[in-house]
Structure formats: C-alpha cells, structure tokens
Amino acid sequence: MRATSYRRLAVGAVAALVMAVCGPLTSSSAAQRVSVPHATATPAAAEGRHSVVTWGASADRQSEGPADRSYRLIVRTSVGGTNLRIRLSNAFGENPVTFENAYAGIQRQGAELVRGSNRRLSFGGSRSVTVPAGATVFSDPLPGRLAAQANLVISLYVTGAKGPTTGHGMAMRTNYATAGDHAAEEGAANWTDPMGSWYWLDAVDVETSTSVGALVALGDSITDGWQSSTDLNRRWPDYLSRRLQAADTPVKGVANEGISGNKVLADGAGQSALNRLHRDVLSQPGVRTVFLFEGVNDIKAHSGVTAQDMIDGYRKIIDQAHAAGKCVVGSTIGPFKGWSEWDAAAESVRREVNQFVRNSGELDAVTDFDRILRSPYDHERISPFFDNGDHLHPNDKGMAAMADAVDIGSLTSC
C-alpha cells in the first residue's frame with residue numbers, strides 16, 4: 001500500500017500540562033521490578049486499560065558518568081494517561097548504578113518546574129533503586145494524570161556511577177545537570193550545567209484505554225532529528241505525534257527510537273536495528289505499529305553491503321515484528337546526492353532497495369519518503385526546499401512534509 005500525502009492538521013491550544021495531584025503518592029506492593037535485557041516488563045493491566053509508551057529514546061553506550069550528580073531530563077509526551085512509569089536503563093553499564101532519588105514534574109521554562117508539580121517516584125515501594133549492569137528497572141506507577149504533548153521533567157540523583165553510562169547522545173533538547181542532590185527542587189538556580197543528551201532514562205509509559213496503542217519509529221539520524229530545531233520538537237515523529245493527537249485513530253503514542261549514524265545490519269553508532277529491535281521497540285508497552293525507516297548508513301558506508309543484504313535485514317525485522325503481533329510500515333530511503341559518500345554504486349543499491357519497499361508487498365504499508373523529499377529536477381538529490389544544507393538531512397520543513405506524508409489509516413493496516 002502506498003501512503004498518500006496529508007495536509008498537516010493545525011494544533012489547537014495545548015491542554016493543561018500539570019499532572020493532577022491525587023493525594024499522597026502510593027507505592028506498588030509488588031517487589032522491585034528489575035528486568036534483564038530482552039525481557040519485557042509490563043504490569044498486569046486493569047480491565048479495559050493497559051500501559052502505552054508515551055516517550056522513548058534509544059539506549060546507547062555513553063562516556064563515564066560522574067558519581068554524586070543530579071540530572072534533569074526533559075521529554076515530550078505523546079499520548080496522555082494516568083499512572084506514569086519511567087524506565088531506567090543500565091544496558092551498557094559495566095557496574096551497578098544507584099538512583100537515590102527520582103522525581104517527575106512539568107517544565108515551566110528551562111530547568112524550572114511548574115510549582116507543585118514535582119513528585120517523588122518510587123521503585124518497589126522504595127525511593128531508591130540500584131540497577132545491575134545490563135539491566136533495566138521500571139518505577140512504580142505514579143497516581144495522577146499526565147497530559148498529551150506535555151514537557152515532562154524527570155530529575156534523577158545518581159550515585160555510584162562508574163565506567164560507561166547508558167543514555168541517548170543526541171537529544172535535540174536542552175537538559176541540565178548539577179553536583180549533589182537537587183532532584184526534589186522545582187527552581188532552576190542550582191541546575192547550572194546544560195547538556196544535549198539524556199542519561200539512563202529510556203522510556204516513559206502511561207495507562208490508558210486498551211483501544212489506544214503506540215507507534216515506534218525505528219531509524220537513524222533523520223528520525224533522531226539531526227538538524228531540526230533544538231527544543232522545538234520538530235523531528236518528523238514529533239510532527240506525526242501532533243497529527244495523531246488530532247486524528248480519529250487508535251494510534252496515539254509515539255516513541256522515537258532513532259540513533260544518529262545507525263545501520264540496519266552492523267553495530268557502530270549504537271547497536272544495529274536488528275540487534276536493538278527487541279529492547280528499543282518490541283519491549284515497549286502498548287506498541288501497535290513499527291515504522292521502519294533505516295538503510296542509508298549501510299549503503300553510503302561502502303562496506304560491501306548489497307541490496308539483497310539490505311532486503312534480508314528488512315525481512316528479519318518484519319518477521320520479528322509480525323511474530324510479536326505488530327504492524328510494520330516501511331519507508332523508502334531518501335536521496336543523498338551531494339553528500340560526500342554518495343556515488344553511482346550507492347545510488348544503485350538505494351534504488352533497488354526502494355523498489356523492494358514499494359513493490360514487494362511484504363510490509364503492511366509503505367510511506368514513500370523518497371518521493372516526498374527528492375527534487376523534481378533531480379531524483380537523486382533532496383529538494384533544496386527541504387535540504388538543511390548537507391544534502392542528506394531534512395530541515396524543519398522537510399521533517400513536517402515527511403510527517404504529512406504518512407497515511408494515518410495505514411498505521412492500523414494489519
């Protein structure tokens with residue numbers, strides 16, 4: 001099925017962003033939930049309700065994290081709901097890491113929170129949790145409602161961090177850090193160190209109706225938002241999220257699992273799409289649709305990867321996602337002539353791969369980003385109107401055009 005282009009729906013006034021305070025925080029009676037990699041941890045859903053991912057960012061190996069430090073991490077929700085949980089990941093750590101305090105609030109501006117919104121999170125009834133190397137942990141559900149399209153702020157006080165940390169390097173979002181424990185503070189005075197990455201936090205979910213699900217975008221730097229406007233949520237999955245909130249569709253959640261430089265077949269800039277598929281995509285709660293948009297980094301690397309190699313990799317992702325009961329929407333690879341690694345051989349592979357995506361029928365639906373982004377005068381080049389200047393990555397207008405091109409009906413096509 002080939003997706004059609006839609007006009008971007010205007011976004012109305014943003015709904016109230018402050019979570020309703022529903023009395024004192026109550027803790028789950030369940031034992032502390034720590035999951036090893038490739039283990040899905042989803043709580044038993046109440047009748048008619050389940051957990052759905054409202055934000056996500058791919059975990060990767062980061063540089064050494066100093067001990068006795070607080071992190072203020074700002075994320076944009078997609079679907080709204082109740083009983084938010086956060087997922088903290090030590091997937092790439094070599095030592096245990098302890099989170100002494102964790103809070104969830106709503107951003108007012110910069111590192112400052114809306115007064116009265118910052119609330120303590122717990123883990124198995126305790127305010128602190130130690131996550132072993134290679135493991136993840138979910139917080140207990142936090143009573144109250146979290147709005148869609150809210151700037152949620154997770155504040156963590158971390159001790160005992162040694163060696164490499166786990167995080168997401170390119171947040172396209174200004175986050176903050178400081179020495180000592182300032183997680184409970186709502187003011188910005190002590191948050192003196194701005195940073196462009198997220199650390200340890202790799203997902204947030206909420207409870208909502210079982211009729212509501214989520215889409216996970218599996219991609220590279222274009223999905224990750226490279227060269228989109230920092231702090232303005234102008235990656236193509238952000239634009240798509242706003243369309244979904246306004247549309248008559250059961251797909252409301254969006255998790256952006258792009259990694260800049262990522263490949264389908266080989267590790268390098270993050271684990272390959274194949275190797276991280278379960279952790280970053282299939283383990284997220286409430287996922288209905290996987291949106292696959294990767295491949296240009298495999299092709300332009302000139303590592304000997306053929307079109308058939310790429311097709312075989314796509315088929316493995318499709319098969320695993322289908323086995324997990326997910327729809328798979330795929331996209332063609334966009335043009336990149338003018339980028340330093342482009343040549344005729346790479347272009348030939350790209351065209352052959354795109355023919356498979358368009359015509360094989362193995363995907364549940366197709367969005368043709370190549371047709372949307374390419375110049376009408378040279379189909380091997382990105383349109384100057386959408387080019388950020390490097391001839392590969394779209395600017396904000398290009399990101400919006402990509403989101404507009406997604407046929408919302410196709411997201412529930414299986």
# chains A, B, ... in the order shown; residues from 1 in each chain; ligands from 1
>>> select_by_dssp(residues="segment 197-371 of chain A", states="strand (DSSP E or B)", output="VMD selection string")
chain A and resid 198 to 199 201 to 209 213 to 219 251 to 258 268 270 287 to 293 327 to 331 337 339 365 to 367
>>> closest_atom_pairs(of="segment 133-191 of chain A", to="segment 77-100 of chain A", cutoff="12 Å", atoms="only C-alpha atoms", output="JSON lines")
{"residue": "A:Ala133", "atom": "CA", "partner": "A:Asn95", "partner_atom": "CA", "distance": 4.9}
{"residue": "A:Gly134", "atom": "CA", "partner": "A:Ala91", "partner_atom": "CA", "distance": 3.9}
{"residue": "A:Ala135", "atom": "CA", "partner": "A:Asn90", "partner_atom": "CA", "distance": 5.4}
{"residue": "A:Thr136", "atom": "CA", "partner": "A:Ser89", "partner_atom": "CA", "distance": 4.3}
{"residue": "A:Val137", "atom": "CA", "partner": "A:Leu88", "partner_atom": "CA", "distance": 5.4}
{"residue": "A:Phe138", "atom": "CA", "partner": "A:Arg87", "partner_atom": "CA", "distance": 4.6}
{"residue": "A:Ser139", "atom": "CA", "partner": "A:Arg85", "partner_atom": "CA", "distance": 5.3}
{"residue": "A:Asp140", "atom": "CA", "partner": "A:Arg85", "partner_atom": "CA", "distance": 6.2}
{"residue": "A:Pro141", "atom": "CA", "partner": "A:Asn83", "partner_atom": "CA", "distance": 4.6}
{"residue": "A:Leu142", "atom": "CA", "partner": "A:Asn83", "partner_atom": "CA", "distance": 4.6}
{"residue": "A:Pro143", "atom": "CA", "partner": "A:Asn83", "partner_atom": "CA", "distance": 4.8}
{"residue": "A:Gly144", "atom": "CA", "partner": "A:Thr82", "partner_atom": "CA", "distance": 5.5}
{"residue": "A:Arg145", "atom": "CA", "partner": "A:Thr82", "partner_atom": "CA", "distance": 4.3}
{"residue": "A:Leu146", "atom": "CA", "partner": "A:Gly81", "partner_atom": "CA", "distance": 5.5}
{"residue": "A:Ala147", "atom": "CA", "partner": "A:Gly80", "partner_atom": "CA", "distance": 4.5}
{"residue": "A:Ala148", "atom": "CA", "partner": "A:Gly80", "partner_atom": "CA", "distance": 4.0}
{"residue": "A:Gln149", "atom": "CA", "partner": "A:Thr77", "partner_atom": "CA", "distance": 4.9}
{"residue": "A:Ala150", "atom": "CA", "partner": "A:Thr77", "partner_atom": "CA", "distance": 5.3}
{"residue": "A:Asn151", "atom": "CA", "partner": "A:Thr77", "partner_atom": "CA", "distance": 6.6}
{"residue": "A:Leu152", "atom": "CA", "partner": "A:Thr77", "partner_atom": "CA", "distance": 6.8}
{"residue": "A:Val153", "atom": "CA", "partner": "A:Thr77", "partner_atom": "CA", "distance": 10.2}
{"residue": "A:Ile154", "atom": "CA", "partner": "A:Ile86", "partner_atom": "CA", "distance": 8.5}
{"residue": "A:Ser155", "atom": "CA", "partner": "A:Phe99", "partner_atom": "CA", "distance": 10.2}
{"residue": "A:Leu156", "atom": "CA", "partner": "A:Phe99", "partner_atom": "CA", "distance": 6.6}
{"residue": "A:Tyr157", "atom": "CA", "partner": "A:Glu100", "partner_atom": "CA", "distance": 5.6}
{"residue": "A:Val158", "atom": "CA", "partner": "A:Phe99", "partner_atom": "CA", "distance": 4.7}
{"residue": "A:Thr159", "atom": "CA", "partner": "A:Thr98", "partner_atom": "CA", "distance": 5.3}
{"residue": "A:Gly160", "atom": "CA", "partner": "A:Val97", "partner_atom": "CA", "distance": 5.5}
{"residue": "A:Ala161", "atom": "CA", "partner": "A:Val97", "partner_atom": "CA", "distance": 5.1}
{"residue": "A:Lys162", "atom": "CA", "partner": "A:Asn95", "partner_atom": "CA", "distance": 6.3}
{"residue": "A:Gly163", "atom": "CA", "partner": "A:Glu94", "partner_atom": "CA", "distance": 6.5}
{"residue": "A:Pro164", "atom": "CA", "partner": "A:Gly93", "partner_atom": "CA", "distance": 5.4}
{"residue": "A:Thr165", "atom": "CA", "partner": "A:Gly93", "partner_atom": "CA", "distance": 5.2}
{"residue": "A:Thr166", "atom": "CA", "partner": "A:Phe92", "partner_atom": "CA", "distance": 5.2}
{"residue": "A:Gly167", "atom": "CA", "partner": "A:Ser89", "partner_atom": "CA", "distance": 7.8}
{"residue": "A:His168", "atom": "CA", "partner": "A:Ser89", "partner_atom": "CA", "distance": 10.7}
{"residue": "A:Gly180", "atom": "CA", "partner": "A:Glu100", "partner_atom": "CA", "distance": 10.9}
{"residue": "A:Asp181", "atom": "CA", "partner": "A:Glu100", "partner_atom": "CA", "distance": 8.7}
{"residue": "A:His182", "atom": "CA", "partner": "A:Glu100", "partner_atom": "CA", "distance": 11.1}
{"residue": "A:Ala183", "atom": "CA", "partner": "A:Glu100", "partner_atom": "CA", "distance": 9.5}
{"residue": "A:Ala184", "atom": "CA", "partner": "A:Glu100", "partner_atom": "CA", "distance": 11.3}
>>> residues_around(residues="Arg288 of chain A", least_positions_apart="6", cutoff="12 Å", atoms="only C-alpha atoms", output="PDB file with C-alpha atoms, in the first residue's frame")
ATOM      1  CA  VAL A  52       1.286   2.509  26.472  1.00  0.00           C
ATOM      2  CA  VAL A  53       4.655   4.113  25.799  1.00  0.00           C
ATOM      3  CA  THR A 210      -6.892  -0.810  25.717  1.00  0.00           C
ATOM      4  CA  SER A 211      -8.233   0.634  22.449  1.00  0.00           C
ATOM      5  CA  VAL A 212      -5.240   3.011  22.331  1.00  0.00           C
ATOM      6  CA  GLY A 213      -1.800   1.971  21.087  1.00  0.00           C
ATOM      7  CA  ALA A 214       1.534   3.401  20.057  1.00  0.00           C
ATOM      8  CA  LEU A 215       3.875   3.672  17.090  1.00  0.00           C
ATOM      9  CA  VAL A 216       7.626   3.221  17.426  1.00  0.00           C
ATOM     10  CA  ALA A 217       9.839   4.888  14.820  1.00  0.00           C
ATOM     11  CA  THR A 249      -7.098   6.912  15.158  1.00  0.00           C
ATOM     12  CA  PRO A 250      -6.333   4.467  17.955  1.00  0.00           C
ATOM     13  CA  VAL A 251      -2.597   5.120  17.479  1.00  0.00           C
ATOM     14  CA  LYS A 252      -1.754   7.963  19.869  1.00  0.00           C
ATOM     15  CA  GLY A 253       1.605   7.107  21.427  1.00  0.00           C
ATOM     16  CA  VAL A 254       4.876   7.780  19.598  1.00  0.00           C
ATOM     17  CA  ALA A 255       8.333   6.627  20.683  1.00  0.00           C
ATOM     18  CA  VAL A 281      10.890  -1.391  20.050  1.00  0.00           C
ATOM     19  CA  LEU A 282       9.165  -4.666  20.856  1.00  0.00           C
ATOM     20  CA  ALA A 321       7.702  -7.611  14.443  1.00  0.00           C
ATOM     21  CA  HIS A 322       4.921  -9.677  12.883  1.00  0.00           C
ATOM     22  CA  ALA A 324       5.186 -10.102  18.103  1.00  0.00           C
ATOM     23  CA  GLY A 325       1.806  -9.104  16.649  1.00  0.00           C
ATOM     24  CA  LYS A 326       2.832  -5.661  15.340  1.00  0.00           C
ATOM     25  CA  CYS A 327       2.015  -3.891  12.099  1.00  0.00           C
ATOM     26  CA  VAL A 328       5.072  -2.838  10.099  1.00  0.00           C
ATOM     27  CA  VAL A 329       5.050   0.315   7.987  1.00  0.00           C
ATOM     28  CA  SER A 410      -2.129   2.770   7.170  1.00  0.00           C
ATOM     29  CA  LEU A 411      -0.802   2.624  10.731  1.00  0.00           C
ATOM     30  CA  THR A 412      -3.502   0.119  11.647  1.00  0.00           C
ATOM     31  CA  SER A 413      -3.338  -1.849   8.407  1.00  0.00           C
ATOM     32  CA  CYS A 414      -2.822  -5.313   9.884  1.00  0.00           C
TER      33      CYS A 414
END
>>> residues_around(residues="segment 350-366 of chain A", least_positions_apart="3", cutoff="9 Å", atoms="only C-alpha atoms", output="PyMOL selection string")
chain A and resi 1-3+295-296+299+307-308+310-311+315+318+327-335+345-347+370+406-407+410-414
>>> select_by_dssp(residues="segment 203-235 of chain A", states="alpha helix (DSSP H)", output="list in words")
Ser221, Ile222, Thr223 and Asp224 of chain A
>>> closest_residue(among="A:Ala344, A:Ala266, A:Leu232, A:Ala177", to="Val75 of chain A", atoms="only C-alpha atoms")
A:Leu232
>>> atom_distance(atom1="atom CA of Asp280 of chain A", atom2="atom CA of Leu218 of chain A")
8.3 Å
>>> closest_residue(among="A:Thr223, A:Thr306, A:Asn118, A:Ser58", to="Leu201 of chain A", atoms="only C-alpha atoms")
A:Ser58
>>> closest_residue(among="A:Leu392, A:Ile106, A:Ile372, A:Ile408", to="Ile222 of chain A", atoms="only C-alpha atoms")
A:Leu392
>>> atom_distance(atom1="atom CA of Met402 of chain A", atom2="atom CA of Gln245 of chain A")
16.8 Å
